[in-house]
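*Asks:* Contents of final_4.pdb (PDB, C-alpha atoms and all ligand atoms) are below:
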ATOM      1  CA  MET V   6     -29.513  -6.134  13.557  1.00  0.00           C
ATOM      2  CA  ILE V   7     -26.033  -6.529  14.935  1.00  0.00           C
ATOM      3  CA  ASP V   8     -25.228  -9.939  16.292  1.00  0.00           C
ATOM      4  CA  ILE V   9     -22.533  -9.262  18.860  1.00  0.00           C
ATOM      5  CA  ASP V  10     -21.970 -12.914  19.696  1.00  0.00           C
ATOM      6  CA  GLU V  11     -21.524 -13.706  16.036  1.00  0.00           C
ATOM      7  CA  ILE V  12     -18.811 -11.074  15.733  1.00  0.00           C
ATOM      8  CA  ARG V  13     -17.093 -12.325  18.861  1.00  0.00           C
ATOM      9  CA  ALA V  14     -17.118 -15.856  17.465  1.00  0.00           C
ATOM     10  CA  ALA V  15     -15.980 -14.829  13.992  1.00  0.00           C
ATOM     11  CA  VAL V  16     -13.159 -12.442  14.853  1.00  0.00           C
ATOM     12  CA  PRO V  17     -10.381 -13.755  17.086  1.00  0.00           C
ATOM     13  CA  LEU V  18      -8.910 -11.341  19.603  1.00  0.00           C
ATOM     14  CA  SER V  19      -5.462 -12.026  18.203  1.00  0.00           C
ATOM     15  CA  SER V  20      -6.491 -10.539  14.863  1.00  0.00           C
ATOM     16  CA  VAL V  21      -7.276  -7.220  16.536  1.00  0.00           C
ATOM     17  CA  LEU V  22      -4.675  -6.972  19.274  1.00  0.00           C
ATOM     18  CA  PRO V  23      -0.959  -6.646  18.522  1.00  0.00           C
ATOM     19  CA  GLU V  24       1.164  -9.781  18.636  1.00  0.00           C
ATOM     20  CA  SER V  25       2.787  -8.709  21.894  1.00  0.00           C
ATOM     21  CA  ALA V  26      -0.589  -8.963  23.640  1.00  0.00           C
ATOM     22  CA  ALA V  27      -0.483 -12.747  23.300  1.00  0.00           C
ATOM     23  CA  ASN V  28       2.751 -12.682  25.327  1.00  0.00           C
ATOM     24  CA  GLY V  29       1.159 -10.669  28.115  1.00  0.00           C
ATOM     25  CA  THR V  30       2.098  -7.123  27.165  1.00  0.00           C
ATOM     26  CA  CYS V  31      -0.798  -4.715  27.473  1.00  0.00           C
ATOM     27  CA  PRO V  32      -1.378  -2.867  24.169  1.00  0.00           C
ATOM     28  CA  PHE V  33      -2.883   0.079  26.050  1.00  0.00           C
ATOM     29  CA  CYS V  34      -0.467   0.783  28.904  1.00  0.00           C
ATOM     30  CA  ALA V  35       2.457  -1.486  27.895  1.00  0.00           C
ATOM     31  CA  SER V  36       2.560  -3.211  31.259  1.00  0.00           C
ATOM     32  CA  GLY V  37       3.284  -6.914  31.402  1.00  0.00           C
ATOM     33  CA  ARG V  38       0.198  -7.956  33.303  1.00  0.00           C
ATOM     34  CA  PHE V  39      -2.141  -8.407  30.392  1.00  0.00           C
ATOM     35  CA  ARG V  40      -4.308 -11.490  30.247  1.00  0.00           C
ATOM     36  CA  LEU V  41      -5.957 -12.713  27.111  1.00  0.00           C
ATOM     37  CA  SER V  42      -8.357 -15.631  26.801  1.00  0.00           C
ATOM     38  CA  GLU V  43      -8.958 -16.479  23.187  1.00  0.00           C
ATOM     39  CA  GLU V  44     -11.470 -19.200  24.104  1.00  0.00           C
ATOM     40  CA  ARG V  45     -13.591 -16.801  26.101  1.00  0.00           C
ATOM     41  CA  GLY V  46     -12.929 -13.905  23.744  1.00  0.00           C
ATOM     42  CA  PHE V  47     -11.981 -11.743  26.667  1.00  0.00           C
ATOM     43  CA  TYR V  48      -8.967  -9.776  27.861  1.00  0.00           C
ATOM     44  CA  ALA V  49      -8.034  -7.755  30.919  1.00  0.00           C
ATOM     45  CA  CYS V  50      -5.076  -5.727  32.124  1.00  0.00           C
ATOM     46  CA  ARG V  51      -4.293  -5.735  35.814  1.00  0.00           C
ATOM     47  CA  ASP V  52      -2.470  -2.417  35.647  1.00  0.00           C
ATOM     48  CA  CYS V  53      -4.578  -0.001  33.604  1.00  0.00           C
ATOM     49  CA  GLY V  54      -7.764  -1.950  34.250  1.00  0.00           C
ATOM     50  CA  HIS V  55      -8.819  -1.982  30.628  1.00  0.00           C
ATOM     51  CA  ARG V  56     -10.832  -5.073  29.824  1.00  0.00           C
ATOM     52  CA  GLY V  57     -13.292  -6.293  27.290  1.00  0.00           C
ATOM     53  CA  ASP V  58     -13.786  -8.221  24.103  1.00  0.00           C
ATOM     54  CA  VAL V  59     -12.908  -7.922  20.438  1.00  0.00           C
ATOM     55  CA  ILE V  60     -15.305  -5.003  20.029  1.00  0.00           C
ATOM     56  CA  THR V  61     -13.972  -2.882  22.880  1.00  0.00           C
ATOM     57  CA  ALA V  62     -10.425  -3.663  21.745  1.00  0.00           C
ATOM     58  CA  THR V  63     -11.232  -2.379  18.265  1.00  0.00           C
ATOM     59  CA  MET V  64     -12.851   0.737  19.710  1.00  0.00           C
ATOM     60  CA  LYS V  65      -9.817   1.495  21.836  1.00  0.00           C
ATOM     61  CA  ILE V  66      -7.129   0.727  19.267  1.00  0.00           C
ATOM     62  CA  HIS V  67      -8.757   2.565  16.377  1.00  0.00           C
ATOM     63  CA  ASP V  68     -10.487   5.226  18.475  1.00  0.00           C
ATOM     64  CA  LEU V  69     -13.941   4.288  17.225  1.00  0.00           C
ATOM     65  CA  ASP V  70     -17.387   4.383  18.769  1.00  0.00           C
ATOM     66  CA  PHE V  71     -19.261   1.141  19.270  1.00  0.00           C
ATOM     67  CA  ARG V  72     -21.172   1.219  15.982  1.00  0.00           C
ATOM     68  CA  SER V  73     -18.083   2.016  13.930  1.00  0.00           C
ATOM     69  CA  ALA V  74     -16.100  -0.731  15.604  1.00  0.00           C
ATOM     70  CA  VAL V  75     -18.827  -3.277  14.941  1.00  0.00           C
ATOM     71  CA  ALA V  76     -19.073  -2.142  11.312  1.00  0.00           C
ATOM     72  CA  GLN V  77     -15.332  -2.503  10.863  1.00  0.00           C
ATOM     73  CA  LEU V  78     -15.347  -5.999  12.342  1.00  0.00           C
ATOM     74  CA  GLN V  79     -18.266  -7.022  10.155  1.00  0.00           C
ATOM     75  CA  GLU V  80     -16.303  -5.940   7.115  1.00  0.00           C
ATOM     76  CA  GLY V  81     -13.661  -8.396   8.214  1.00  0.00           C
ATOM     77  CA  LYS V  82     -10.902  -5.894   8.787  1.00  0.00           C
TER      78      LYS V  82
HETATM   79 ZN    ZN V 101      -2.811  -2.015  30.618  1.00  0.00          ZN
END
Kindly present the structure from the file in structure tokens form.
*Replies:*
Amino acid sequence: MIDIDEIRAAVPLSSVLPESAANGTCPFCASGRFRLSEERGFYACRDCGHRGDVITATMKIHDLDFRSAVAQLQEGK
């Protein structure tokens, strides 16, 4: 079975999101009100409202469904 928490712990958000996200630029709407918490493994944008974890980020960036995103993260990509 898929261990979601294990993936969250193993794959840092910064490895999935573009570098600019760490500086507060939203990778989805390019606004500057993007918040990223690496400790909590969580991000949120106050403009487009997109929020989530390393799995939802992978889904959105690579246009994948949940299972495909999890599979990609498990492969360590
Ligand atoms: Zn946004």
*Asks:* The PyMOL selection byres (((chain V and resi 55) around 10) and not hetatm) on the file shown: which residues, as a ChimeraX atom specification?
*Replies:* /V:31-34,39,48-54,56-57,61-62,65
*Asks:* Take atom ZN of ligand ZN 101 (chain V) and atom CA of Ala26 of chain V and report the distance between them in Å, one decimal.
*Replies:*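 The value is 10.1 Å.
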*Asks:* Smallest atom-to-atom distance to ligand ZN 101 (chain V): which of V:Val59, V:Gly46, V:Ala27, V:Ala35, using only C-alpha atoms and all ligand atoms?
*Replies:*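 Closest residue, counting only C-alpha atoms and all ligand atoms: V:Ala35.
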*Asks:* I'd like the neighbourhood of Ile60 of chain V as a ChimeraX atom specification, where a residue qualifies if any of its atoms comes within 8 Å (using all atoms listed in the file), though same-chain residues fewer than 6 positions away should be ignored.
*Replies:* /V:13,71,74-75,78
*Asks:* Go ahead and save the residues from that selection, with C-alpha atoms, as an mmCIF file, in the coordinates of the input.
*Replies:*
data_model
loop_
_atom_site.group_PDB
_atom_site.id
_atom_site.type_symbol
_atom_site.label_atom_id
_atom_site.label_comp_id
_atom_site.auth_asym_id
_atom_site.auth_seq_id
_atom_site.Cartn_x
_atom_site.Cartn_y
_atom_site.Cartn_z
ATOM 1 C CA ARG V 13 -17.093 -12.325 18.861
ATOM 2 C CA PHE V 71 -19.261 1.141 19.270
ATOM 3 C CA ALA V 74 -16.100 -0.731 15.604
ATOM 4 C CA VAL V 75 -18.827 -3.277 14.941
ATOM 5 C CA LEU V 78 -15.347 -5.999 12.342
#
*Asks:* Using only C-alpha atoms, which of the listed residues (V:Leu41, V:Ala76, V:Met64, V:Leu69) sits closest to Glu24 of chain V?
*Replies:* V:Leu41
*Asks:* Pick from V:Gly37, V:Arg72, V:Glu11, V:Leu22: nearest to ligand ZN 101 (chain V), with all atoms listed in the file counted?
*Replies:*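 For ligand ZN 101 (chain V), the nearest of the candidates is V:Gly37.
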